file protein-v4.tsv (TSV, C-alpha atoms and all ligand atoms)
chain	number	residue	atom	x	y	z
A	1	MET	CA	47.04	149.25	232.18
A	2	ALA	CA	44.67	152.20	231.81
A	3	VAL	CA	41.03	151.15	231.77
A	4	ASN	CA	38.57	153.69	230.44
A	5	SER	CA	35.22	154.25	232.14
A	6	ASP	CA	33.26	152.37	229.43
A	7	THR	CA	35.41	149.31	230.04
A	8	ASN	CA	34.84	149.73	233.76
A	9	LYS	CA	31.10	149.83	233.21
A	10	TYR	CA	31.33	146.70	231.08
A	11	LEU	CA	33.47	144.89	233.63
A	12	GLY	CA	31.10	145.97	236.38
A	13	LYS	CA	28.16	144.42	234.56
A	14	MET	CA	30.14	141.26	233.83
A	15	GLU	CA	30.99	140.97	237.51
A	16	ASP	CA	27.37	141.01	238.57
A	17	PRO	CA	24.70	140.88	235.88
A	18	TRP	CA	21.93	141.24	238.47
A	19	LYS	CA	23.26	144.17	240.47
A	20	GLU	CA	20.80	146.61	238.94
A	21	ALA	CA	17.91	144.25	239.68
A	22	MET	CA	19.06	143.78	243.27
A	23	ASP	CA	19.47	147.52	243.85
A	24	HIS	CA	15.97	147.98	242.48
A	25	ALA	CA	14.63	145.28	244.80
A	26	VAL	CA	16.15	147.04	247.84
A	27	ALA	CA	14.70	150.41	246.79
A	28	VAL	CA	11.21	149.08	246.08
A	29	ALA	CA	11.17	146.97	249.28
A	30	ARG	CA	11.95	150.12	251.27
A	31	LYS	CA	9.13	151.99	249.54
A	32	ALA	CA	6.74	149.08	250.14
A	33	GLY	CA	7.73	148.95	253.81
A	34	ALA	CA	6.90	152.64	254.23
A	35	VAL	CA	3.42	151.99	252.81
A	36	ILE	CA	2.94	149.12	255.29
A	37	ARG	CA	4.14	151.23	258.23
A	38	ASP	CA	1.69	153.99	257.28
A	39	ALA	CA	-1.14	151.49	256.95
A	40	LEU	CA	-0.39	150.20	260.47
A	41	GLN	CA	-1.57	153.59	261.78
A	42	ASN	CA	-5.05	153.09	260.33
A	43	GLU	CA	-7.81	150.60	260.95
A	44	VAL	CA	-7.23	147.50	258.80
A	45	LYS	CA	-10.12	145.92	256.90
A	46	ILE	CA	-9.60	142.15	256.91
A	47	MET	CA	-10.59	139.74	254.12
A	48	CYS	CA	-10.18	135.95	254.05
A	49	LYS	CA	-8.60	133.70	251.42
A	50	SER	CA	-8.65	129.90	251.82
A	51	SER	CA	-10.11	129.99	255.37
A	52	SER	CA	-11.13	132.33	258.18
A	53	VAL	CA	-7.52	132.36	259.45
A	54	ASP	CA	-5.85	132.89	256.05
A	55	LEU	CA	-6.02	136.68	256.00
A	56	VAL	CA	-5.45	139.33	253.37
A	57	THR	CA	-5.89	143.12	253.37
A	58	LYS	CA	-6.03	145.92	250.81
A	59	THR	CA	-2.44	146.73	251.85
A	60	ASP	CA	-1.18	143.28	250.74
A	61	GLN	CA	-2.74	143.86	247.31
A	62	LYS	CA	-1.67	147.50	247.04
A	63	VAL	CA	1.94	146.70	247.99
A	64	GLU	CA	2.18	143.76	245.58
A	65	ASN	CA	0.84	145.95	242.74
A	66	LEU	CA	3.30	148.69	243.64
A	67	ILE	CA	6.27	146.28	243.57
A	68	ILE	CA	5.25	144.54	240.33
A	69	ALA	CA	4.47	147.80	238.49
A	70	SER	CA	7.79	149.30	239.48
A	71	VAL	CA	9.80	146.20	238.46
A	72	LYS	CA	7.87	145.79	235.19
A	73	GLU	CA	8.71	149.34	234.20
A	74	LYS	CA	12.44	148.70	234.61
A	75	PHE	CA	12.61	145.03	233.58
A	76	PRO	CA	9.70	144.50	231.16
A	77	THR	CA	10.72	140.97	230.11
A	78	HIS	CA	10.93	139.53	233.62
A	79	SER	CA	8.35	137.17	235.18
A	80	PHE	CA	6.62	137.29	238.56
A	81	ILE	CA	5.27	134.98	241.22
A	82	GLY	CA	3.44	137.07	243.80
A	83	GLU	CA	1.36	135.84	246.73
A	84	GLU	CA	-1.67	137.98	245.92
A	85	SER	CA	-1.42	137.46	242.13
A	86	VAL	CA	-1.46	133.69	242.72
A	87	ALA	CA	-4.44	134.11	245.07
A	88	ALA	CA	-6.16	135.98	242.22
A	89	GLY	CA	-5.60	133.03	239.86
A	90	GLN	CA	-2.18	133.68	238.28
A	91	PRO	CA	-0.08	130.52	237.77
A	92	CYS	CA	2.63	129.67	240.28
A	93	ILE	CA	5.21	128.20	237.93
A	94	LEU	CA	8.93	128.86	238.16
A	95	SER	CA	10.32	129.04	234.60
A	96	ASP	CA	13.90	129.68	233.39
A	97	ASN	CA	13.05	133.35	232.79
A	98	PRO	CA	14.33	135.86	235.38
A	99	THR	CA	11.56	135.69	238.00
A	100	TRP	CA	10.72	137.93	240.96
A	101	ILE	CA	9.16	135.93	243.81
A	102	ILE	CA	7.26	138.37	245.99
A	103	ASP	CA	5.54	138.31	249.37
A	104	PRO	CA	4.33	141.90	249.75
A	105	VAL	CA	3.40	141.51	253.44
A	106	ASP	CA	4.93	138.47	255.10
A	107	GLY	CA	3.19	138.28	258.43
A	108	THR	CA	-0.26	139.48	257.37
A	109	THR	CA	-1.80	138.18	260.62
A	110	ASN	CA	0.82	140.16	262.57
A	111	PHE	CA	0.03	143.21	260.43
A	112	VAL	CA	-3.69	142.89	261.13
A	113	HIS	CA	-3.10	142.67	264.89
A	114	GLY	CA	-0.31	145.23	265.09
A	115	PHE	CA	2.14	142.52	266.21
A	116	PRO	CA	5.37	144.22	265.23
A	117	PHE	CA	7.03	141.73	262.85
A	118	VAL	CA	6.09	142.30	259.23
A	119	ALA	CA	8.38	141.90	256.24
A	120	VAL	CA	8.49	142.62	252.53
A	121	SER	CA	10.16	139.63	250.89
A	122	ILE	CA	11.58	139.69	247.35
A	123	GLY	CA	13.49	136.73	245.93
A	124	PHE	CA	14.91	136.63	242.41
A	125	ALA	CA	15.64	133.48	240.40
A	126	VAL	CA	17.18	132.89	236.97
A	127	LYS	CA	17.03	129.46	235.32
A	128	LYS	CA	15.27	128.31	238.49
A	129	GLU	CA	18.28	129.22	240.61
A	130	LEU	CA	17.97	131.86	243.32
A	131	GLU	CA	20.30	134.79	242.64
A	132	PHE	CA	19.44	137.28	245.38
A	133	GLY	CA	17.02	137.86	248.24
A	134	VAL	CA	15.84	141.04	249.95
A	135	VAL	CA	13.84	141.00	253.20
A	136	TYR	CA	12.81	144.35	254.65
A	137	SER	CA	11.57	143.96	258.22
A	138	CYS	CA	9.68	147.21	258.01
A	139	VAL	CA	8.56	147.82	261.60
A	140	GLU	CA	12.09	147.21	262.89
A	141	ASP	CA	13.44	149.09	259.83
A	142	LYS	CA	16.02	146.37	259.10
A	143	MET	CA	17.10	145.66	255.51
A	144	TYR	CA	18.44	142.13	254.98
A	145	THR	CA	20.06	141.19	251.67
A	146	GLY	CA	21.77	138.13	250.24
A	147	ARG	CA	23.49	137.83	246.86
A	148	LYS	CA	24.59	134.42	245.59
A	149	GLY	CA	28.35	134.10	246.10
A	150	LYS	CA	28.69	137.54	247.69
A	151	GLY	CA	27.42	137.12	251.26
A	152	ALA	CA	24.45	138.26	253.31
A	153	TYR	CA	24.05	141.58	255.11
A	154	CYS	CA	21.74	143.45	257.45
A	155	ASP	CA	21.98	147.22	257.00
A	156	GLY	CA	25.49	146.78	255.65
A	157	GLU	CA	26.70	144.46	258.46
A	158	LYS	CA	27.85	141.04	257.27
A	159	LEU	CA	25.71	138.19	258.59
A	160	GLN	CA	27.07	134.91	259.92
A	161	VAL	CA	25.06	131.97	261.27
A	162	SER	CA	25.72	130.68	264.77
A	163	ASP	CA	28.54	128.11	265.15
A	164	GLN	CA	26.58	126.04	267.69
A	165	THR	CA	26.51	122.28	266.98
A	166	ASP	CA	24.86	121.18	270.23
A	167	ILE	CA	21.08	121.04	269.83
A	168	ARG	CA	20.70	121.28	273.64
A	169	LYS	CA	22.30	124.73	273.54
A	170	SER	CA	20.20	125.88	270.57
A	171	MET	CA	17.22	128.16	270.02
A	172	ILE	CA	14.77	126.99	267.34
A	173	ILE	CA	12.08	128.98	265.55
A	174	SER	CA	8.96	127.65	263.82
A	175	GLU	CA	5.33	128.55	263.14
A	176	LEU	CA	1.90	127.09	263.78
A	177	GLY	CA	0.78	128.05	260.24
A	178	SER	CA	-2.77	128.63	259.08
A	179	ASN	CA	-3.94	125.04	258.59
A	180	ARG	CA	-6.50	124.26	261.34
A	181	ASP	CA	-7.19	120.67	260.36
A	182	PRO	CA	-6.99	118.93	263.80
A	183	GLU	CA	-4.76	116.10	262.53
A	184	THR	CA	-2.31	118.61	261.05
A	185	VAL	CA	-2.35	120.77	264.19
A	186	SER	CA	-1.62	117.74	266.36
A	187	LYS	CA	1.39	116.80	264.16
A	188	ILE	CA	2.70	120.38	264.42
A	189	PHE	CA	2.34	120.28	268.22
A	190	SER	CA	3.86	116.81	268.57
A	191	THR	CA	6.90	117.94	266.55
A	192	MET	CA	7.24	121.03	268.75
A	193	GLN	CA	6.84	118.96	271.92
A	194	LYS	CA	9.58	116.55	270.85
A	195	ILE	CA	11.94	119.39	269.95
A	196	LEU	CA	11.24	121.24	273.21
A	197	CYS	CA	11.85	118.08	275.22
A	198	ILE	CA	15.24	117.28	273.62
A	199	PRO	CA	15.55	119.79	275.43
A	200	VAL	CA	16.48	122.90	273.44
A	201	HIS	CA	17.10	126.29	275.05
A	202	GLY	CA	13.92	127.73	273.52
A	203	LEU	CA	11.31	127.55	270.79
A	204	ARG	CA	10.10	130.79	269.17
A	205	GLY	CA	7.94	132.10	266.34
A	206	SER	CA	7.88	135.62	264.89
A	207	GLY	CA	4.87	135.05	262.62
A	208	THR	CA	6.82	135.63	259.43
A	209	ALA	CA	8.89	132.98	257.68
A	210	ALA	CA	11.06	135.61	255.97
A	211	THR	CA	11.99	137.19	259.31
A	212	ASN	CA	12.57	133.76	260.87
A	213	MET	CA	15.10	132.97	258.15
A	214	CYS	CA	16.87	136.29	258.73
A	215	LEU	CA	17.11	135.35	262.42
A	216	VAL	CA	18.85	132.10	261.41
A	217	ALA	CA	21.21	134.10	259.18
A	218	SER	CA	21.95	136.54	262.03
A	219	GLY	CA	22.78	133.76	264.50
A	220	ALA	CA	19.91	134.67	266.86
A	221	VAL	CA	18.43	131.20	266.38
A	222	GLU	CA	20.03	128.00	265.13
A	223	ALA	CA	17.18	126.73	262.93
A	224	PHE	CA	13.80	127.50	261.39
A	225	PHE	CA	11.53	124.80	259.98
A	226	GLU	CA	7.98	124.78	258.67
A	227	ILE	CA	5.64	122.72	256.50
A	228	GLY	CA	2.97	124.76	254.69
A	229	ILE	CA	5.01	127.84	253.79
A	230	HIS	CA	4.98	129.02	250.17
A	231	CYS	CA	7.81	129.88	247.78
A	232	TRP	CA	7.18	133.62	248.27
A	233	ASP	CA	7.66	133.26	252.06
A	234	ILE	CA	11.14	131.72	251.75
A	235	ALA	CA	12.73	132.55	248.36
A	236	ALA	CA	14.54	135.66	249.61
A	237	GLY	CA	15.39	134.13	252.99
A	238	ALA	CA	16.87	131.06	251.30
A	239	VAL	CA	19.64	133.17	249.73
A	240	ILE	CA	20.18	135.13	252.95
A	241	VAL	CA	20.58	131.95	255.07
A	242	THR	CA	22.95	130.16	252.67
A	243	GLU	CA	25.03	133.29	252.11
A	244	ALA	CA	25.37	133.65	255.89
A	245	GLY	CA	26.85	130.13	255.94
A	246	GLY	CA	23.69	128.15	256.73
A	247	VAL	CA	22.07	125.12	255.11
A	248	LEU	CA	18.66	124.38	253.59
A	249	LEU	CA	17.13	120.92	253.53
A	250	ASP	CA	13.81	119.25	252.94
A	251	VAL	CA	12.02	118.11	256.10
A	252	ASP	CA	12.84	114.49	255.16
A	253	GLY	CA	16.56	115.28	254.92
A	254	GLY	CA	16.58	115.40	251.11
A	255	PRO	CA	17.53	118.41	249.02
A	256	PHE	CA	15.69	121.71	249.50
A	257	ASP	CA	12.96	122.32	246.92
A	258	LEU	CA	11.61	125.88	246.74
A	259	MET	CA	8.20	124.81	245.45
A	260	SER	CA	7.65	121.92	247.90
A	261	ARG	CA	6.16	124.01	250.75
A	262	ARG	CA	8.48	122.40	253.33
A	263	MET	CA	11.88	123.40	254.59
A	264	VAL	CA	14.45	123.24	257.34
A	265	SER	CA	16.96	126.09	257.38
A	266	ALA	CA	19.76	125.86	259.91
A	267	ASN	CA	23.18	127.12	260.88
A	268	ASN	CA	24.73	123.74	259.99
A	269	LYS	CA	23.84	120.19	258.95
A	270	THR	CA	24.32	118.74	262.45
A	271	ILE	CA	21.52	120.93	263.84
A	272	ALA	CA	19.34	120.46	260.73
A	273	ASP	CA	19.62	116.66	260.89
A	274	ARG	CA	18.77	116.62	264.61
A	275	ILE	CA	15.62	118.69	263.98
A	276	ILE	CA	14.63	116.53	260.99
A	277	LYS	CA	14.64	113.44	263.25
A	278	GLU	CA	11.73	114.95	265.22
A	279	ILE	CA	9.53	116.31	262.41
A	280	ASP	CA	6.17	114.62	261.91
A	281	ILE	CA	5.59	115.24	258.24
A	282	PHE	CA	2.09	116.07	256.97
A	283	PRO	CA	1.03	116.66	253.37
A	284	ALA	CA	1.01	120.13	251.76
A	285	GLU	CA	0.19	120.53	248.09
A	286	ARG	CA	3.18	121.82	246.09
A	287	ASP	CA	3.09	125.44	244.94
A	288	ASP	CA	3.51	124.32	241.33
A	289	ALA	CA	0.89	121.53	241.50
A	290	VAL	CA	-1.16	121.55	238.31
A	291	LYS	CA	-4.63	122.85	239.17
A	292	LYS	CA	-7.55	120.81	237.80
A	301	LIG	O1	0.61	134.70	254.69
A	301	LIG	P1	1.84	135.44	255.11
A	301	LIG	O2	2.49	136.10	253.95
A	301	LIG	O3	1.62	136.35	256.25
A	301	LIG	O4	2.92	134.36	255.60
A	301	LIG	C1	2.90	133.24	256.43
A	301	LIG	C2	4.18	133.10	257.23
A	301	LIG	O5	5.31	133.52	256.56
A	301	LIG	C3	4.29	131.70	257.75
A	301	LIG	O6	5.53	131.39	258.27
A	301	LIG	C4	3.17	131.46	258.73
A	301	LIG	O7	3.19	130.21	259.28
A	301	LIG	C5	1.81	131.83	258.21
A	301	LIG	O8	1.28	130.74	257.50
A	301	LIG	C6	1.75	133.07	257.37
A	301	LIG	O9	0.56	133.05	256.68
A	302	MG	MG	4.18	135.09	253.63
call {"tool": "encode", "arguments": {"input": "protein-v4.tsv", "output": "structure tokens"}}
result
Amino acid sequence: MAVNSDTNKYLGKMEDPWKEAMDHAVAVARKAGAVIRDALQNEVKIMCKSSSVDLVTKTDQKVENLIIASVKEKFPTHSFIGEESVAAGQPCILSDNPTWIIDPVDGTTNFVHGFPFVAVSIGFAVKKELEFGVVYSCVEDKMYTGRKGKGAYCDGEKLQVSDQTDIRKSMIISELGSNRDPETVSKIFSTMQKILCIPVHGLRGSGTAATNMCLVASGAVEAFFEIGIHCWDIAAGAVIVTEAGGVLLDVDGGPFDLMSRRMVSANNKTIADRIIKEIDIFPAERDDAVKK
């Protein structure tokens, strides 16, 4: 049957209603990454948010504005949750409306110190379900993408998580976070000590949750877990990990909740469950907690 080009266009849109949005996310992430790379050449002026170790720079704000302005122009009805907009007092509520969940500079502390792992992270959710994720590791110049039901890729190469099921042959990645409350720090260290002493092959941290999740998706590590991350750190990575065949769970073994600020992402449930056994949970206020 002959299909004219209009029908093709229509069928194309039916096949993937969010293709245009995802292509835009990739393009704007690349542009944002170039701005970050340029900024790395200059002296960075540091500002603080919630504490002296919760850092922000003019580049974080500039890049978030650049991404939001560019998306708003193309998709004027869409909503946004952006790290720096939330820091400036915007609400952090995930509604049913198509929503872009943005971390303009994931790894701000790395960026400030010139530690070469910094990512632009853009997740996209509709009816509270994640549809696609784009993570641009801009110093490495690696573009990671994941589209619900269509797989995960890095620069066009299909990603697949590791098939390891033995925790003793695994590499785990986590972070120390930016909470310096001594009780919290000691729980983070006791969890890491227990995991190291299983023993695992190694314990790593890149300083960016988005990059850590891409490393799970690539099979370089078996699992990444953290309490204290935010939805903008992990929204994009969540799609990339699951589309590469991995799993996402809460740190208590329950279902993953994007707004809960806690997550285990792993190559499979066997590894995730083994990690969960060792996690000393500490409280972290939900991203969507109603502010008084
Ligand atoms: O604030 P940015 O966007 O750099 O992101 C955070 C990281 O992604 C965390 O994993 C990490 O643990 C840190 O808390 C870090 O702040
Ligand atoms: Mg971040």
call {"tool": "residues_near_ligand", "arguments": {"input": "protein-v4.tsv", "ligand": "ligand MG 302 (chain A)", "cutoff": "10 Å", "atoms": "all atoms listed in the file", "output": "JSON, numbers by chain"}}
result
{"A": [83, 102, 103, 104, 105, 106, 107, 108, 109, 118, 119, 120, 121, 207, 208, 209, 210, 211, 229, 230, 231, 232, 233, 234]}
call {"tool": "atom_distance", "arguments": {"input": "protein-v4.tsv", "atom1": "CA of Asp23 (chain A)", "atom2": "CA of Ile122 (chain A)"}}
result
11.7 Å
call {"tool": "residues_around", "arguments": {"input": "protein-v4.tsv", "residues": "Thr242 (chain A)", "least_positions_apart": "4", "cutoff": "10 Å", "atoms": "all atoms listed in the file", "output": "number ranges by chain"}}
result
A: 146-149, 151-152, 160-161, 213, 216-217, 237-238, 246-248, 265-268
call {"tool": "closest_residue", "arguments": {"input": "protein-v4.tsv", "among": "A:Val239, A:Leu196, A:Ile101, A:Leu176", "to": "Val53 (chain A)", "atoms": "only C-alpha atoms"}}
result
A:Leu176
call {"tool": "residues_around", "arguments": {"input": "protein-v4.tsv", "residues": "Gln61 (chain A)", "least_positions_apart": "4", "cutoff": "7 Å", "atoms": "all atoms listed in the file", "output": "CSV table (one decimal) with C-alpha atoms, keeping the file's coordinate frame"}}
result
chain,number,residue,atom,x,y,z
A,57,THR,CA,-5.9,143.1,253.4
A,65,ASN,CA,0.8,146.0,242.7
A,84,GLU,CA,-1.7,138.0,245.9
call {"tool": "residues_around", "arguments": {"input": "protein-v4.tsv", "residues": "Ala289 (chain A)", "least_positions_apart": "3", "cutoff": "9 Å", "atoms": "only C-alpha atoms", "output": "mmCIF file with C-alpha atoms, in the coordinates of the input"}}
result
data_model
loop_
_atom_site.group_PDB
_atom_site.id
_atom_site.type_symbol
_atom_site.label_atom_id
_atom_site.label_comp_id
_atom_site.auth_asym_id
_atom_site.auth_seq_id
_atom_site.Cartn_x
_atom_site.Cartn_y
_atom_site.Cartn_z
ATOM 1 C CA CYS A 92 2.630 129.670 240.280
ATOM 2 C CA ILE A 93 5.210 128.200 237.930
ATOM 3 C CA MET A 259 8.200 124.810 245.450
ATOM 4 C CA GLU A 285 0.190 120.530 248.090
ATOM 5 C CA ARG A 286 3.180 121.820 246.090
#
call {"tool": "atom_distance", "arguments": {"input": "protein-v4.tsv", "atom1": "CA of Ile227 (chain A)", "atom2": "CA of Phe80 (chain A)"}}
result
23.1 Å
call {"tool": "residues_around", "arguments": {"input": "protein-v4.tsv", "residues": "Phe225 (chain A)", "least_positions_apart": "4", "cutoff": "10 Å", "atoms": "all atoms listed in the file", "output": "list in words"}}
result
Ile172, Ile173, Ser174, Glu175, Ala209, Asn212, Met213, Ile229, Leu248, Leu249, Asp250, Val251, Arg262, Met263, Val264, Ser265, Ala266, Ala272, Ile275, Ile276 and Ile279 of chain A
call {"tool": "atom_distance", "arguments": {"input": "protein-v4.tsv", "atom1": "atom O9 of ligand LIG 301 (chain A)", "atom2": "CA of Gln164 (chain A)"}}
result
29.1 Å
call {"tool": "residues_around", "arguments": {"input": "protein-v4.tsv", "residues": "Val26 (chain A)", "least_positions_apart": "2", "cutoff": "12 Å", "atoms": "all atoms listed in the file", "output": "ChimeraX atom specification"}}
result
/A:19-24,28-33,67,71,120-124,132-137,142-147,154-155,236
call {"tool": "closest_residue", "arguments": {"input": "protein-v4.tsv", "among": "A:Val139, A:Ala244, A:Ile46, A:Leu94", "to": "Val126 (chain A)", "atoms": "only C-alpha atoms"}}
result
A:Leu94
call {"tool": "axis_aligned_box", "arguments": {"input": "protein-v4.tsv", "around": "ligand LIG 301 (chain A)", "padding_each_side": "3 Å", "output": "AutoDock Vina command-line options"}}
result
--center_x 3.0 --center_y 133.3 --center_z 256.6 --size_x 11.0 --size_y 12.1 --size_z 11.3
call {"tool": "closest_residue", "arguments": {"input": "protein-v4.tsv", "among": "A:Asn179, A:Glu64, A:Lys158, A:His113", "to": "Ser51 (chain A)", "atoms": "only C-alpha atoms"}}
result
A:Asn179
call {"tool": "closest_residue", "arguments": {"input": "protein-v4.tsv", "among": "A:Met192, A:Val221, A:Thr270, A:Trp100", "to": "Ile68 (chain A)", "atoms": "all atoms listed in the file"}}
result
A:Trp100
call {"tool": "closest_residue", "arguments": {"input": "protein-v4.tsv", "among": "A:Pro91, A:Gly205, A:Gly177, A:Gly82", "to": "ligand LIG 301 (chain A)", "atoms": "all atoms listed in the file"}}
result
A:Gly177
call {"tool": "closest_residue", "arguments": {"input": "protein-v4.tsv", "among": "A:Asp60, A:Asp166, A:Asp16, A:Asp96", "to": "ligand LIG 301 (chain A)", "atoms": "all atoms listed in the file"}}
result
A:Asp60
call {"tool": "decode", "arguments": {"input": "protein-v4.tsv", "residues": "region 163-189 of chain A", "atoms": "N, CA and C atoms", "output": "PDB file, in the first residue's frame"}}
result
ATOM      1  N   ASP A 163      26.022  -8.207  33.613  1.00  0.00           N
ATOM      2  CA  ASP A 163      25.200  -9.387  33.960  1.00  0.00           C
ATOM      3  C   ASP A 163      25.683 -10.050  35.261  1.00  0.00           C
ATOM      4  N   GLN A 164      26.521  -9.351  36.002  1.00  0.00           N
ATOM      5  CA  GLN A 164      27.084  -9.912  37.241  1.00  0.00           C
ATOM      6  C   GLN A 164      25.975 -10.079  38.298  1.00  0.00           C
ATOM      7  N   THR A 165      25.950 -11.238  38.965  1.00  0.00           N
ATOM      8  CA  THR A 165      24.991 -11.430  40.059  1.00  0.00           C
ATOM      9  C   THR A 165      25.714 -11.652  41.392  1.00  0.00           C
ATOM     10  N   ASP A 166      27.044 -11.753  41.326  1.00  0.00           N
ATOM     11  CA  ASP A 166      27.824 -12.000  42.547  1.00  0.00           C
ATOM     12  C   ASP A 166      28.334 -10.662  43.095  1.00  0.00           C
ATOM     13  N   ILE A 167      27.840 -10.288  44.257  1.00  0.00           N
ATOM     14  CA  ILE A 167      28.224  -8.995  44.836  1.00  0.00           C
ATOM     15  C   ILE A 167      29.735  -8.928  45.074  1.00  0.00           C
ATOM     16  N   ARG A 168      30.360 -10.072  45.344  1.00  0.00           N
ATOM     17  CA  ARG A 168      31.807 -10.113  45.623  1.00  0.00           C
ATOM     18  C   ARG A 168      32.644  -9.867  44.378  1.00  0.00           C
ATOM     19  N   LYS A 169      31.995  -9.900  43.222  1.00  0.00           N
ATOM     20  CA  LYS A 169      32.725  -9.602  41.966  1.00  0.00           C
ATOM     21  C   LYS A 169      32.236  -8.276  41.391  1.00  0.00           C
ATOM     22  N   SER A 170      31.616  -7.451  42.246  1.00  0.00           N
ATOM     23  CA  SER A 170      30.972  -6.226  41.752  1.00  0.00           C
ATOM     24  C   SER A 170      31.736  -4.969  42.138  1.00  0.00           C
ATOM     25  N   MET A 171      31.499  -3.924  41.344  1.00  0.00           N
ATOM     26  CA  MET A 171      32.005  -2.578  41.657  1.00  0.00           C
ATOM     27  C   MET A 171      30.767  -1.718  41.945  1.00  0.00           C
ATOM     28  N   ILE A 172      30.827  -0.995  43.053  1.00  0.00           N
ATOM     29  CA  ILE A 172      29.679  -0.191  43.508  1.00  0.00           C
ATOM     30  C   ILE A 172      30.097   1.276  43.485  1.00  0.00           C
ATOM     31  N   ILE A 173      29.134   2.157  43.215  1.00  0.00           N
ATOM     32  CA  ILE A 173      29.435   3.590  43.221  1.00  0.00           C
ATOM     33  C   ILE A 173      28.433   4.290  44.129  1.00  0.00           C
ATOM     34  N   SER A 174      28.924   5.266  44.907  1.00  0.00           N
ATOM     35  CA  SER A 174      28.031   6.036  45.783  1.00  0.00           C
ATOM     36  C   SER A 174      28.664   7.402  46.010  1.00  0.00           C
ATOM     37  N   GLU A 175      28.050   8.204  46.856  1.00  0.00           N
ATOM     38  CA  GLU A 175      28.556   9.553  47.119  1.00  0.00           C
ATOM     39  C   GLU A 175      28.503   9.838  48.610  1.00  0.00           C
ATOM     40  N   LEU A 176      29.322  10.802  49.032  1.00  0.00           N
ATOM     41  CA  LEU A 176      29.292  11.223  50.435  1.00  0.00           C
ATOM     42  C   LEU A 176      28.278  12.349  50.648  1.00  0.00           C
ATOM     43  N   GLY A 177      27.794  12.960  49.565  1.00  0.00           N
ATOM     44  CA  GLY A 177      26.747  13.973  49.663  1.00  0.00           C
ATOM     45  C   GLY A 177      27.238  15.277  50.269  1.00  0.00           C
ATOM     46  N   SER A 178      26.285  16.163  50.571  1.00  0.00           N
ATOM     47  CA  SER A 178      26.692  17.465  51.110  1.00  0.00           C
ATOM     48  C   SER A 178      26.086  17.728  52.492  1.00  0.00           C
ATOM     49  N   ASN A 179      25.614  16.663  53.147  1.00  0.00           N
ATOM     50  CA  ASN A 179      25.099  16.794  54.508  1.00  0.00           C
ATOM     51  C   ASN A 179      26.261  16.494  55.468  1.00  0.00           C
ATOM     52  N   ARG A 180      26.655  17.482  56.286  1.00  0.00           N
ATOM     53  CA  ARG A 180      27.810  17.278  57.181  1.00  0.00           C
ATOM     54  C   ARG A 180      27.394  17.103  58.645  1.00  0.00           C
ATOM     55  N   ASP A 181      26.112  16.774  58.848  1.00  0.00           N
ATOM     56  CA  ASP A 181      25.673  16.435  60.195  1.00  0.00           C
ATOM     57  C   ASP A 181      26.406  15.152  60.607  1.00  0.00           C
ATOM     58  N   PRO A 182      27.159  15.186  61.757  1.00  0.00           N
ATOM     59  CA  PRO A 182      28.031  14.045  62.098  1.00  0.00           C
ATOM     60  C   PRO A 182      27.299  12.704  62.164  1.00  0.00           C
ATOM     61  N   GLU A 183      26.049  12.712  62.632  1.00  0.00           N
ATOM     62  CA  GLU A 183      25.308  11.440  62.711  1.00  0.00           C
ATOM     63  C   GLU A 183      25.040  10.877  61.314  1.00  0.00           C
ATOM     64  N   THR A 184      24.697  11.786  60.389  1.00  0.00           N
ATOM     65  CA  THR A 184      24.436  11.375  59.003  1.00  0.00           C
ATOM     66  C   THR A 184      25.727  10.864  58.369  1.00  0.00           C
ATOM     67  N   VAL A 185      26.810  11.612  58.562  1.00  0.00           N
ATOM     68  CA  VAL A 185      28.098  11.213  57.968  1.00  0.00           C
ATOM     69  C   VAL A 185      28.503   9.837  58.500  1.00  0.00           C
ATOM     70  N   SER A 186      28.257   9.592  59.792  1.00  0.00           N
ATOM     71  CA  SER A 186      28.699   8.288  60.308  1.00  0.00           C
ATOM     72  C   SER A 186      27.828   7.161  59.736  1.00  0.00           C
ATOM     73  N   LYS A 187      26.546   7.428  59.449  1.00  0.00           N
ATOM     74  CA  LYS A 187      25.716   6.387  58.803  1.00  0.00           C
ATOM     75  C   LYS A 187      26.188   6.125  57.379  1.00  0.00           C
ATOM     76  N   ILE A 188      26.564   7.201  56.668  1.00  0.00           N
ATOM     77  CA  ILE A 188      27.068   7.033  55.292  1.00  0.00           C
ATOM     78  C   ILE A 188      28.336   6.178  55.310  1.00  0.00           C
ATOM     79  N   PHE A 189      29.243   6.492  56.263  1.00  0.00           N
ATOM     80  CA  PHE A 189      30.506   5.734  56.332  1.00  0.00           C
ATOM     81  C   PHE A 189      30.281   4.294  56.790  1.00  0.00           C
TER      82      PHE A 189
END
